[in-house]
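For reference, the structure is listed below as structure tokens.
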Amino acid sequence: MKYVSEFRSPEIVDALLKEIKQTVKGNWNIMEVCGGQTHSLVKNGILNMLPKNIQMIHGPGCPVCVTPVSLIDKAVHLAMEKNAILCSFGDMIRVPGSGMSLMEAKSKGGDVRILYSPLEAVKIAKANPNREVIFFAVGFETTAPANALSVVHAHREGIKNYSILASHVLVPPAMEAIMSDEDCRVDAFLAAGHVCAIMGFGEYYPLVEKYKIPIVVTGFEPVDLLEGILMTVKQLESGKYTLKNQYTRVVEAGGNINAIAIIDRIFEVTSREWRGIGNIPFSGYAVKENYSDYDANKKFSIDIPEAHEDPTCLSGDVMKGKIKPHQCPNFRTKCTPVKPLGAPMVSSEGACAAYYHFNLAIA
């Protein structure tokens, strides 16, 4: 394992930028799938360093941003109406539902707790046997193993008052949905390295072949991203399309077999609603029937009307790469981190939040 500082080296960054500028001739649109990659591109100023004929398109790779409004409403309902201890990662707390966010629910007396791990929620359930404890299990494939493991631990210890409200989404189906959109202008993808660290990258080969596009599995530091962009541009300029792995220090072809096994034990693939995008077939995880006692959706009778995104919010177009955050008429006016219209303005991986906090407005 190399030191992180090597992947932030100004000298290596300059060399990679020089090679990119020497290599690129055409006009290319490259989508970085992950919101963590978007934030790294923005905060490190990489978007302004790249040649103008390379456009980075920000993808839907923020699981908080794509969690549907109705599921946030369910979480609020559980905290406010069921007297449950509702636990969540911090990113979800300020995301607006149709009526209120979890932060607002907490301010009105709901027992909402910010945790760093779902295993903490299992401990809380064990310490409070007379209260229902629910973990809002949001994330891509990266957080699925820990959420699945929390169910395994609760089951093993006979803890009956613990469940998860699952909102897991999967990356490859989202990439396919983007490519099948008639307005798609993506020429290549930088795939999310942390997802591939869990799942491997076998699922990306069919996408490469079907859509004739390069996909490069990429890390998150400036050198990672620029090397990934260079590897992508070289393919685009030569008319090639293959799957390559830039993030070799972390990602192996087969992924993490233990993590995959625990996911397969607890979850099954299901269709999932993506906030601002719509329903994507086979794009999420649901708790398997034999662990339904730990599925908050089945454990509680939650009669919540279907809710939709604020019609003035254009976050769906941002996440599909159709516009940049600053091109939304509500950006910095009606939509701010203090009063957001959509989730990408408050999530730490949201593109709108990145542009807002780093004061970015580029063409």
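Residues are named by chain letter and number: chains run A, B, ... in the order of the structure tokens, numbers start at 1 in each chain, and ligands are numbered from 1 in the order shown.
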DSSP strand (DSSP E) residues within region 23-158 of chain A, listed as JSON, numbers by chain: {"A": [28, 29, 30, 31, 32, 33, 34, 54, 55, 56, 57, 58, 59, 60, 61, 85, 86, 87, 88, 112, 113, 114, 133, 134, 135, 136, 137, 138, 139]}
Give me a file of those residues, with N, CA, C and O atoms, as an mmCIF file, in the first residue's frame.
```
data_model
loop_
_atom_site.group_PDB
_atom_site.id
_atom_site.type_symbol
_atom_site.label_atom_id
_atom_site.label_comp_id
_atom_site.auth_asym_id
_atom_site.auth_seq_id
_atom_site.Cartn_x
_atom_site.Cartn_y
_atom_site.Cartn_z
ATOM 1 N N TRP A 28 -14.740 14.975 -25.691
ATOM 2 C CA TRP A 28 -15.198 13.782 -24.985
ATOM 3 C C TRP A 28 -15.943 14.139 -23.709
ATOM 4 O O TRP A 28 -15.531 15.053 -22.979
ATOM 5 N N ASN A 29 -17.019 13.393 -23.463
ATOM 6 C CA ASN A 29 -17.791 13.524 -22.231
ATOM 7 C C ASN A 29 -17.581 12.271 -21.387
ATOM 8 O O ASN A 29 -17.944 11.173 -21.805
ATOM 9 N N ILE A 30 -16.963 12.450 -20.230
ATOM 10 C CA ILE A 30 -16.645 11.327 -19.347
ATOM 11 C C ILE A 30 -17.437 11.480 -18.060
ATOM 12 O O ILE A 30 -17.375 12.526 -17.405
ATOM 13 N N MET A 31 -18.189 10.452 -17.698
ATOM 14 C CA MET A 31 -18.963 10.512 -16.457
ATOM 15 C C MET A 31 -18.225 9.807 -15.332
ATOM 16 O O MET A 31 -17.880 8.630 -15.456
ATOM 17 N N GLU A 32 -17.977 10.534 -14.247
ATOM 18 C CA GLU A 32 -17.546 9.879 -13.012
ATOM 19 C C GLU A 32 -18.816 9.495 -12.265
ATOM 20 O O GLU A 32 -19.669 10.339 -11.998
ATOM 21 N N VAL A 33 -18.950 8.223 -11.963
ATOM 22 C CA VAL A 33 -20.204 7.725 -11.408
ATOM 23 C C VAL A 33 -20.394 8.160 -9.964
ATOM 24 O O VAL A 33 -21.493 8.510 -9.538
ATOM 25 N N CYS A 34 -19.322 8.166 -9.198
ATOM 26 C CA CYS A 34 -19.422 8.315 -7.746
ATOM 27 C C CYS A 34 -19.384 9.765 -7.297
ATOM 28 O O CYS A 34 -18.565 10.561 -7.776
ATOM 29 N N ILE A 54 -12.474 18.167 -22.776
ATOM 30 C CA ILE A 54 -12.859 17.068 -21.897
ATOM 31 C C ILE A 54 -13.885 17.600 -20.908
ATOM 32 O O ILE A 54 -13.582 18.469 -20.097
ATOM 33 N N GLN A 55 -15.093 17.111 -21.007
ATOM 34 C CA GLN A 55 -16.145 17.503 -20.079
ATOM 35 C C GLN A 55 -16.425 16.351 -19.119
ATOM 36 O O GLN A 55 -16.720 15.234 -19.541
ATOM 37 N N MET A 56 -16.315 16.623 -17.825
ATOM 38 C CA MET A 56 -16.681 15.628 -16.817
ATOM 39 C C MET A 56 -18.164 15.788 -16.506
ATOM 40 O O MET A 56 -18.638 16.886 -16.196
ATOM 41 N N ILE A 57 -18.899 14.702 -16.620
ATOM 42 C CA ILE A 57 -20.323 14.687 -16.330
ATOM 43 C C ILE A 57 -20.523 13.990 -14.992
ATOM 44 O O ILE A 57 -20.000 12.901 -14.773
ATOM 45 N N HIS A 58 -21.249 14.613 -14.106
ATOM 46 C CA HIS A 58 -21.422 14.086 -12.754
ATOM 47 C C HIS A 58 -22.593 13.106 -12.716
ATOM 48 O O HIS A 58 -23.724 13.452 -13.077
ATOM 49 N N GLY A 59 -22.323 11.908 -12.269
ATOM 50 C CA GLY A 59 -23.321 10.842 -12.300
ATOM 51 C C GLY A 59 -24.172 10.752 -11.048
ATOM 52 O O GLY A 59 -24.071 11.582 -10.133
ATOM 53 N N PRO A 60 -25.002 9.706 -10.974
ATOM 54 C CA PRO A 60 -25.950 9.550 -9.860
ATOM 55 C C PRO A 60 -25.361 8.801 -8.674
ATOM 56 O O PRO A 60 -26.087 8.200 -7.897
ATOM 57 N N GLY A 61 -24.027 8.834 -8.550
ATOM 58 C CA GLY A 61 -23.364 8.005 -7.553
ATOM 59 C C GLY A 61 -23.367 8.568 -6.149
ATOM 60 O O GLY A 61 -22.334 8.635 -5.484
ATOM 61 N N ILE A 85 -36.503 4.147 17.984
ATOM 62 C CA ILE A 85 -35.201 4.811 17.924
ATOM 63 C C ILE A 85 -34.714 4.656 16.489
ATOM 64 O O ILE A 85 -34.401 3.551 16.041
ATOM 65 N N LEU A 86 -34.702 5.744 15.747
ATOM 66 C CA LEU A 86 -34.345 5.714 14.335
ATOM 67 C C LEU A 86 -32.885 6.129 14.200
ATOM 68 O O LEU A 86 -32.513 7.257 14.517
ATOM 69 N N CYS A 87 -32.057 5.207 13.736
ATOM 70 C CA CYS A 87 -30.620 5.453 13.611
ATOM 71 C C CYS A 87 -30.233 5.591 12.145
ATOM 72 O O CYS A 87 -30.788 4.923 11.273
ATOM 73 N N SER A 88 -29.266 6.459 11.894
ATOM 74 C CA SER A 88 -28.903 6.730 10.510
ATOM 75 C C SER A 88 -27.482 7.269 10.439
ATOM 76 O O SER A 88 -26.960 7.823 11.408
ATOM 77 N N VAL A 112 -34.083 10.376 17.018
ATOM 78 C CA VAL A 112 -33.251 10.149 15.832
ATOM 79 C C VAL A 112 -31.785 10.270 16.247
ATOM 80 O O VAL A 112 -31.388 11.270 16.839
ATOM 81 N N ARG A 113 -30.995 9.251 15.918
ATOM 82 C CA ARG A 113 -29.603 9.215 16.351
ATOM 83 C C ARG A 113 -28.674 9.020 15.149
ATOM 84 O O ARG A 113 -28.935 8.195 14.279
ATOM 85 N N ILE A 114 -27.589 9.788 15.147
ATOM 86 C CA ILE A 114 -26.582 9.682 14.091
ATOM 87 C C ILE A 114 -25.501 8.704 14.545
ATOM 88 O O ILE A 114 -24.891 8.880 15.605
ATOM 89 N N VAL A 133 -35.658 -0.487 17.542
ATOM 90 C CA VAL A 133 -34.510 0.248 17.011
ATOM 91 C C VAL A 133 -34.387 -0.076 15.523
ATOM 92 O O VAL A 133 -34.348 -1.246 15.132
ATOM 93 N N ILE A 134 -34.353 0.965 14.710
ATOM 94 C CA ILE A 134 -34.324 0.796 13.257
ATOM 95 C C ILE A 134 -33.121 1.540 12.705
ATOM 96 O O ILE A 134 -32.886 2.712 13.037
ATOM 97 N N PHE A 135 -32.364 0.845 11.870
ATOM 98 C CA PHE A 135 -31.252 1.512 11.183
ATOM 99 C C PHE A 135 -31.651 1.787 9.743
ATOM 100 O O PHE A 135 -32.085 0.880 9.020
ATOM 101 N N PHE A 136 -31.519 3.046 9.333
ATOM 102 C CA PHE A 136 -31.847 3.463 7.971
ATOM 103 C C PHE A 136 -30.676 3.052 7.075
ATOM 104 O O PHE A 136 -29.662 3.743 7.000
ATOM 105 N N ALA A 137 -30.812 1.901 6.432
ATOM 106 C CA ALA A 137 -29.703 1.274 5.706
ATOM 107 C C ALA A 137 -29.634 1.797 4.278
ATOM 108 O O ALA A 137 -30.211 1.223 3.346
ATOM 109 N N VAL A 138 -28.918 2.896 4.110
ATOM 110 C CA VAL A 138 -28.787 3.559 2.819
ATOM 111 C C VAL A 138 -27.379 3.327 2.289
ATOM 112 O O VAL A 138 -26.415 3.324 3.053
ATOM 113 N N GLY A 139 -27.259 3.163 0.975
ATOM 114 C CA GLY A 139 -25.919 3.061 0.414
ATOM 115 C C GLY A 139 -25.865 2.236 -0.848
ATOM 116 O O GLY A 139 -26.829 1.571 -1.230
#
```
Skipping near chain neighbours, those fewer than 5 positions away, what residues fall within 10 Å of region 208-211 of chain A using only C-alpha atoms, listed as a short mmCIF file (atom, residue, chain, number, x, y, z; two decimals) with C-alpha atoms, in the first residue's frame?
```cif
data_model
loop_
_atom_site.label_atom_id
_atom_site.label_comp_id
_atom_site.auth_asym_id
_atom_site.auth_seq_id
_atom_site.Cartn_x
_atom_site.Cartn_y
_atom_site.Cartn_z
CA GLU A 176 -27.20 1.01 -17.96
CA MET A 179 -26.72 4.75 -21.38
CA SER A 180 -30.19 3.70 -22.53
CA ASP A 187 -18.66 8.63 -24.07
CA ALA A 188 -16.98 6.78 -21.18
CA PHE A 189 -17.24 6.07 -17.46
CA GLU A 203 -20.58 -6.80 -14.04
CA TYR A 241 -13.42 0.32 -25.62
CA THR A 242 -12.26 -1.96 -22.84
CA LEU A 243 -12.59 -2.31 -19.08
#
```
Best match for closeness to Gly97 (chain A) among A:His77, A:Lys160, A:His194, A:Lys212, counting only C-alpha atoms: A:His77
CA of Ser167 (chain A) to CA of Lys324 (chain A), straight-line distance in Å: 25.7 Å
Ala174 (chain A) surroundings by only C-alpha atoms, 12 Å radius, close-in-sequence under 5 positions cut, as number ranges by chain: A: 33-34, 59-63, 66, 140, 169, 179-181, 189, 191, 204, 207, 271-274, 277-284, 319-320
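Picture a line from CA of Lys106 (chain A) to CA of Pro68 (chain A); it runs 19.7 Å.
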Counting only C-alpha atoms, the residue of A:Gly255, A:Pro305, A:Pro118, A:Pro129 that sits nearest Ser70 (chain A): A:Pro305
Which of region 230-349 of chain A fall in alpha helix (DSSP H), as a list in words: Leu230, Met231, Thr232, Val233, Lys234, Gln235, Leu236, Glu237, Ser238, Ile257, Asn258, Ala259, Ile260, Ala261, Ile262, Ile263, Asp264, Arg265, Ile266, Ala296, Asn297, Lys298, Lys299, Ser315, Gly316, Asp317, Val318 and Met319 of chain A
N, CA, C and O atoms of the current selection, written as a compact mmCIF listing (two decimals), in the first residue's frame:
```
# COMPACT_ATOMS: atom_id res chain seq x y z
N LEU A 230 -6.83 9.82 -18.04
CA LEU A 230 -5.84 9.57 -19.09
C LEU A 230 -6.06 8.20 -19.74
O LEU A 230 -6.04 8.08 -20.97
N MET A 231 -6.28 7.18 -18.91
CA MET A 231 -6.53 5.83 -19.44
C MET A 231 -7.78 5.82 -20.31
O MET A 231 -7.85 5.11 -21.33
N THR A 232 -8.77 6.62 -19.93
CA THR A 232 -10.02 6.71 -20.69
C THR A 232 -9.80 7.43 -22.02
O THR A 232 -10.25 6.98 -23.08
N VAL A 233 -9.12 8.57 -21.96
CA VAL A 233 -8.88 9.37 -23.15
C VAL A 233 -8.06 8.60 -24.19
O VAL A 233 -8.33 8.67 -25.39
N LYS A 234 -7.08 7.85 -23.72
CA LYS A 234 -6.27 7.05 -24.66
C LYS A 234 -7.14 6.06 -25.43
O LYS A 234 -6.95 5.86 -26.63
N GLN A 235 -8.11 5.47 -24.74
CA GLN A 235 -9.03 4.55 -25.43
C GLN A 235 -9.92 5.30 -26.42
O GLN A 235 -10.11 4.87 -27.56
N LEU A 236 -10.49 6.41 -25.96
CA LEU A 236 -11.39 7.17 -26.82
C LEU A 236 -10.68 7.66 -28.08
O LEU A 236 -11.24 7.60 -29.18
N GLU A 237 -9.45 8.13 -27.93
CA GLU A 237 -8.71 8.65 -29.07
C GLU A 237 -8.32 7.55 -30.05
O GLU A 237 -8.21 7.80 -31.26
N SER A 238 -8.15 6.34 -29.55
CA SER A 238 -7.75 5.23 -30.42
C SER A 238 -8.95 4.42 -30.92
O SER A 238 -8.77 3.44 -31.67
N ILE A 257 -14.72 -11.63 -1.44
CA ILE A 257 -15.63 -12.78 -1.42
C ILE A 257 -16.40 -12.89 -0.11
O ILE A 257 -17.55 -13.34 -0.09
N ASN A 258 -15.78 -12.48 0.99
CA ASN A 258 -16.49 -12.55 2.28
C ASN A 258 -17.61 -11.52 2.35
O ASN A 258 -18.70 -11.81 2.86
N ALA A 259 -17.34 -10.32 1.83
CA ALA A 259 -18.37 -9.28 1.81
C ALA A 259 -19.53 -9.69 0.91
O ALA A 259 -20.71 -9.50 1.25
N ILE A 260 -19.20 -10.25 -0.26
CA ILE A 260 -20.25 -10.69 -1.19
C ILE A 260 -21.10 -11.79 -0.55
O ILE A 260 -22.32 -11.81 -0.70
N ALA A 261 -20.44 -12.69 0.19
CA ALA A 261 -21.18 -13.79 0.82
C ALA A 261 -22.18 -13.29 1.85
O ALA A 261 -23.32 -13.79 1.93
N ILE A 262 -21.79 -12.28 2.65
CA ILE A 262 -22.70 -11.77 3.67
C ILE A 262 -23.85 -10.98 3.03
O ILE A 262 -24.99 -11.02 3.50
N ILE A 263 -23.57 -10.30 1.91
CA ILE A 263 -24.64 -9.62 1.16
C ILE A 263 -25.65 -10.64 0.65
O ILE A 263 -26.87 -10.49 0.80
N ASP A 264 -25.13 -11.69 0.02
CA ASP A 264 -26.01 -12.72 -0.56
C ASP A 264 -26.82 -13.44 0.51
O ASP A 264 -27.92 -13.95 0.23
N ARG A 265 -26.30 -13.51 1.72
CA ARG A 265 -27.02 -14.18 2.81
C ARG A 265 -28.26 -13.41 3.23
O ARG A 265 -29.30 -14.01 3.52
N ILE A 266 -28.16 -12.10 3.25
CA ILE A 266 -29.23 -11.27 3.81
C ILE A 266 -30.09 -10.62 2.73
O ILE A 266 -31.31 -10.48 2.90
N ALA A 296 -37.72 -3.61 8.35
CA ALA A 296 -38.66 -2.63 8.90
C ALA A 296 -39.87 -2.43 8.00
O ALA A 296 -40.98 -2.15 8.48
N ASN A 297 -39.69 -2.58 6.69
CA ASN A 297 -40.81 -2.43 5.77
C ASN A 297 -41.91 -3.46 6.04
O ASN A 297 -43.09 -3.17 5.86
N LYS A 298 -41.51 -4.66 6.45
CA LYS A 298 -42.48 -5.73 6.70
C LYS A 298 -42.88 -5.81 8.17
O LYS A 298 -43.97 -6.27 8.49
N LYS A 299 -41.99 -5.37 9.03
CA LYS A 299 -42.23 -5.48 10.47
C LYS A 299 -43.29 -4.50 10.94
O LYS A 299 -44.06 -4.78 11.86
N SER A 315 -32.71 18.18 -9.61
CA SER A 315 -31.61 17.30 -9.21
C SER A 315 -31.55 16.03 -10.06
O SER A 315 -30.48 15.47 -10.27
N GLY A 316 -32.70 15.58 -10.56
CA GLY A 316 -32.69 14.42 -11.44
C GLY A 316 -31.88 14.67 -12.70
O GLY A 316 -31.11 13.81 -13.14
N ASP A 317 -32.04 15.85 -13.27
CA ASP A 317 -31.25 16.21 -14.47
C ASP A 317 -29.77 16.34 -14.14
O ASP A 317 -28.91 16.02 -14.97
N VAL A 318 -29.47 16.82 -12.92
CA VAL A 318 -28.07 16.90 -12.50
C VAL A 318 -27.48 15.51 -12.39
O VAL A 318 -26.38 15.23 -12.90
N MET A 319 -28.20 14.58 -11.76
CA MET A 319 -27.67 13.24 -11.52
C MET A 319 -27.61 12.39 -12.79
O MET A 319 -26.84 11.43 -12.85
```
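Relative to CA of Val346 (chain A), CA of Asn48 (chain A) is found at 23.3 Å.
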Who sits within 10 Å of Cys196 (chain A), only C-alpha atoms, same chain under 5 positions skipped, as an NGL selection string: :A and (141-142 or 171 or 191 or 201-204 or 217-218 or 245 or 247 or 250-256)
Written file, previous selection with N, CA and C atoms, as a compact mmCIF listing (two decimals), in the first residue's frame:
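Printed below is part.txt as written:
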```txt
# COMPACT_ATOMS: atom_id res chain seq x y z
N GLU A 141 -23.34 -0.72 -2.92
CA GLU A 141 -22.83 -2.03 -2.52
C GLU A 141 -21.78 -1.91 -1.40
N THR A 142 -21.18 -0.75 -1.26
CA THR A 142 -20.12 -0.56 -0.27
C THR A 142 -20.59 -0.69 1.17
N VAL A 171 -24.87 0.06 -8.62
CA VAL A 171 -24.28 0.94 -9.62
C VAL A 171 -24.46 0.48 -11.06
N ALA A 191 -15.58 4.29 -13.24
CA ALA A 191 -16.38 3.49 -12.30
C ALA A 191 -15.90 3.73 -10.87
N PHE A 201 -15.30 -6.31 -10.64
CA PHE A 201 -15.77 -5.54 -11.78
C PHE A 201 -16.29 -6.40 -12.93
N GLY A 202 -16.65 -7.63 -12.63
CA GLY A 202 -17.19 -8.50 -13.68
C GLY A 202 -18.47 -8.00 -14.30
N GLU A 203 -19.29 -7.28 -13.52
CA GLU A 203 -20.58 -6.80 -14.04
C GLU A 203 -20.45 -5.70 -15.08
N TYR A 204 -19.25 -5.13 -15.23
CA TYR A 204 -19.07 -4.02 -16.15
C TYR A 204 -18.72 -4.47 -17.57
N VAL A 217 -12.10 1.61 -13.85
CA VAL A 217 -12.31 1.59 -12.40
C VAL A 217 -11.26 2.51 -11.78
N THR A 218 -11.72 3.50 -11.03
CA THR A 218 -10.85 4.59 -10.60
C THR A 218 -11.01 4.89 -9.12
N ASN A 245 -8.60 -1.28 -14.96
CA ASN A 245 -8.60 -1.05 -13.52
C ASN A 245 -7.43 -0.17 -13.13
N TYR A 247 -7.42 1.37 -10.16
CA TYR A 247 -7.38 1.31 -8.69
C TYR A 247 -6.85 -0.05 -8.22
N VAL A 250 -6.34 -1.39 -4.52
CA VAL A 250 -7.50 -1.70 -3.68
C VAL A 250 -8.42 -2.74 -4.33
N VAL A 251 -8.61 -2.64 -5.63
CA VAL A 251 -9.63 -3.45 -6.32
C VAL A 251 -9.02 -4.67 -7.00
N GLU A 252 -9.66 -5.82 -6.76
CA GLU A 252 -9.34 -7.05 -7.47
C GLU A 252 -10.54 -7.48 -8.29
N ALA A 253 -10.30 -8.23 -9.33
CA ALA A 253 -11.36 -8.59 -10.28
C ALA A 253 -12.55 -9.25 -9.60
N GLY A 254 -12.29 -10.13 -8.64
CA GLY A 254 -13.37 -10.86 -7.99
C GLY A 254 -13.97 -10.18 -6.78
N GLY A 255 -13.45 -9.02 -6.41
CA GLY A 255 -13.97 -8.30 -5.25
C GLY A 255 -13.62 -8.98 -3.94
N ASN A 256 -14.41 -8.70 -2.94
CA ASN A 256 -14.21 -9.25 -1.59
C ASN A 256 -15.21 -10.40 -1.39
```
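Using only C-alpha atoms, the smallest distance between any of A:Met175, A:Ala166, A:Ile198, A:Leu47 and Pro222 (chain A) comes from A:Leu47.
Across A:Ile302, A:Gly110, A:Leu119, A:Ile20, the tightest approach to Gly228 (chain A) is made by A:Ile20 when counting only C-alpha atoms.
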Non-local contacts of Lys108 (chain A) (12 Å; only C-alpha atoms; under 3 positions in same chain excluded) as a list in words: Val76, Ala79, Met80, Glu81, Met100, Ser101, Leu102, Met103, Glu104, Ala105, Asp111 and Val112 of chain A
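Here the question is which of A:Val151, A:Cys313, A:Ile124, A:Ile213 gets nearest to Lys240 (chain A) using only C-alpha atoms, and that residue is A:Ile213.
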Given only C-alpha atoms as the counted atoms, nearest of A:Lys43, A:Ala148, A:Gly36, A:Glu306 to Glu268 (chain A): A:Ala148
Residues within 8 Å of Val42 (chain A), only C-alpha atoms, excluding chain neighbours under 4 positions, as an NGL selection string: :A and (38 or 46-47 or 354-355 or 358 or 360)
Could those residues be written to a file, using N, CA and C atoms, as a PDB file, in the first residue's frame?
```pdb
ATOM      1  N   THR A  38     -16.773  13.061  -7.627  1.00  0.00           N
ATOM      2  CA  THR A  38     -17.185  14.420  -7.991  1.00  0.00           C
ATOM      3  C   THR A  38     -16.610  15.442  -7.029  1.00  0.00           C
ATOM      4  N   ILE A  46      -9.643  20.152 -10.223  1.00  0.00           N
ATOM      5  CA  ILE A  46      -9.287  19.394 -11.427  1.00  0.00           C
ATOM      6  C   ILE A  46     -10.164  19.777 -12.610  1.00  0.00           C
ATOM      7  N   LEU A  47     -11.433  20.077 -12.364  1.00  0.00           N
ATOM      8  CA  LEU A  47     -12.329  20.418 -13.468  1.00  0.00           C
ATOM      9  C   LEU A  47     -11.827  21.632 -14.243  1.00  0.00           C
ATOM     10  N   ALA A 354     -21.217  20.143  -3.632  1.00  0.00           N
ATOM     11  CA  ALA A 354     -19.824  20.378  -4.015  1.00  0.00           C
ATOM     12  C   ALA A 354     -19.675  21.721  -4.715  1.00  0.00           C
ATOM     13  N   TYR A 355     -20.549  22.004  -5.671  1.00  0.00           N
ATOM     14  CA  TYR A 355     -20.472  23.272  -6.395  1.00  0.00           C
ATOM     15  C   TYR A 355     -20.755  24.453  -5.467  1.00  0.00           C
ATOM     16  N   PHE A 358     -17.679  24.853  -2.762  1.00  0.00           N
ATOM     17  CA  PHE A 358     -16.406  25.240  -3.368  1.00  0.00           C
ATOM     18  C   PHE A 358     -16.571  26.347  -4.390  1.00  0.00           C
ATOM     19  N   LEU A 360     -18.118  26.807  -7.205  1.00  0.00           N
ATOM     20  CA  LEU A 360     -17.723  26.453  -8.564  1.00  0.00           C
ATOM     21  C   LEU A 360     -18.857  26.751  -9.531  1.00  0.00           C
TER      22      LEU A 360
END
```
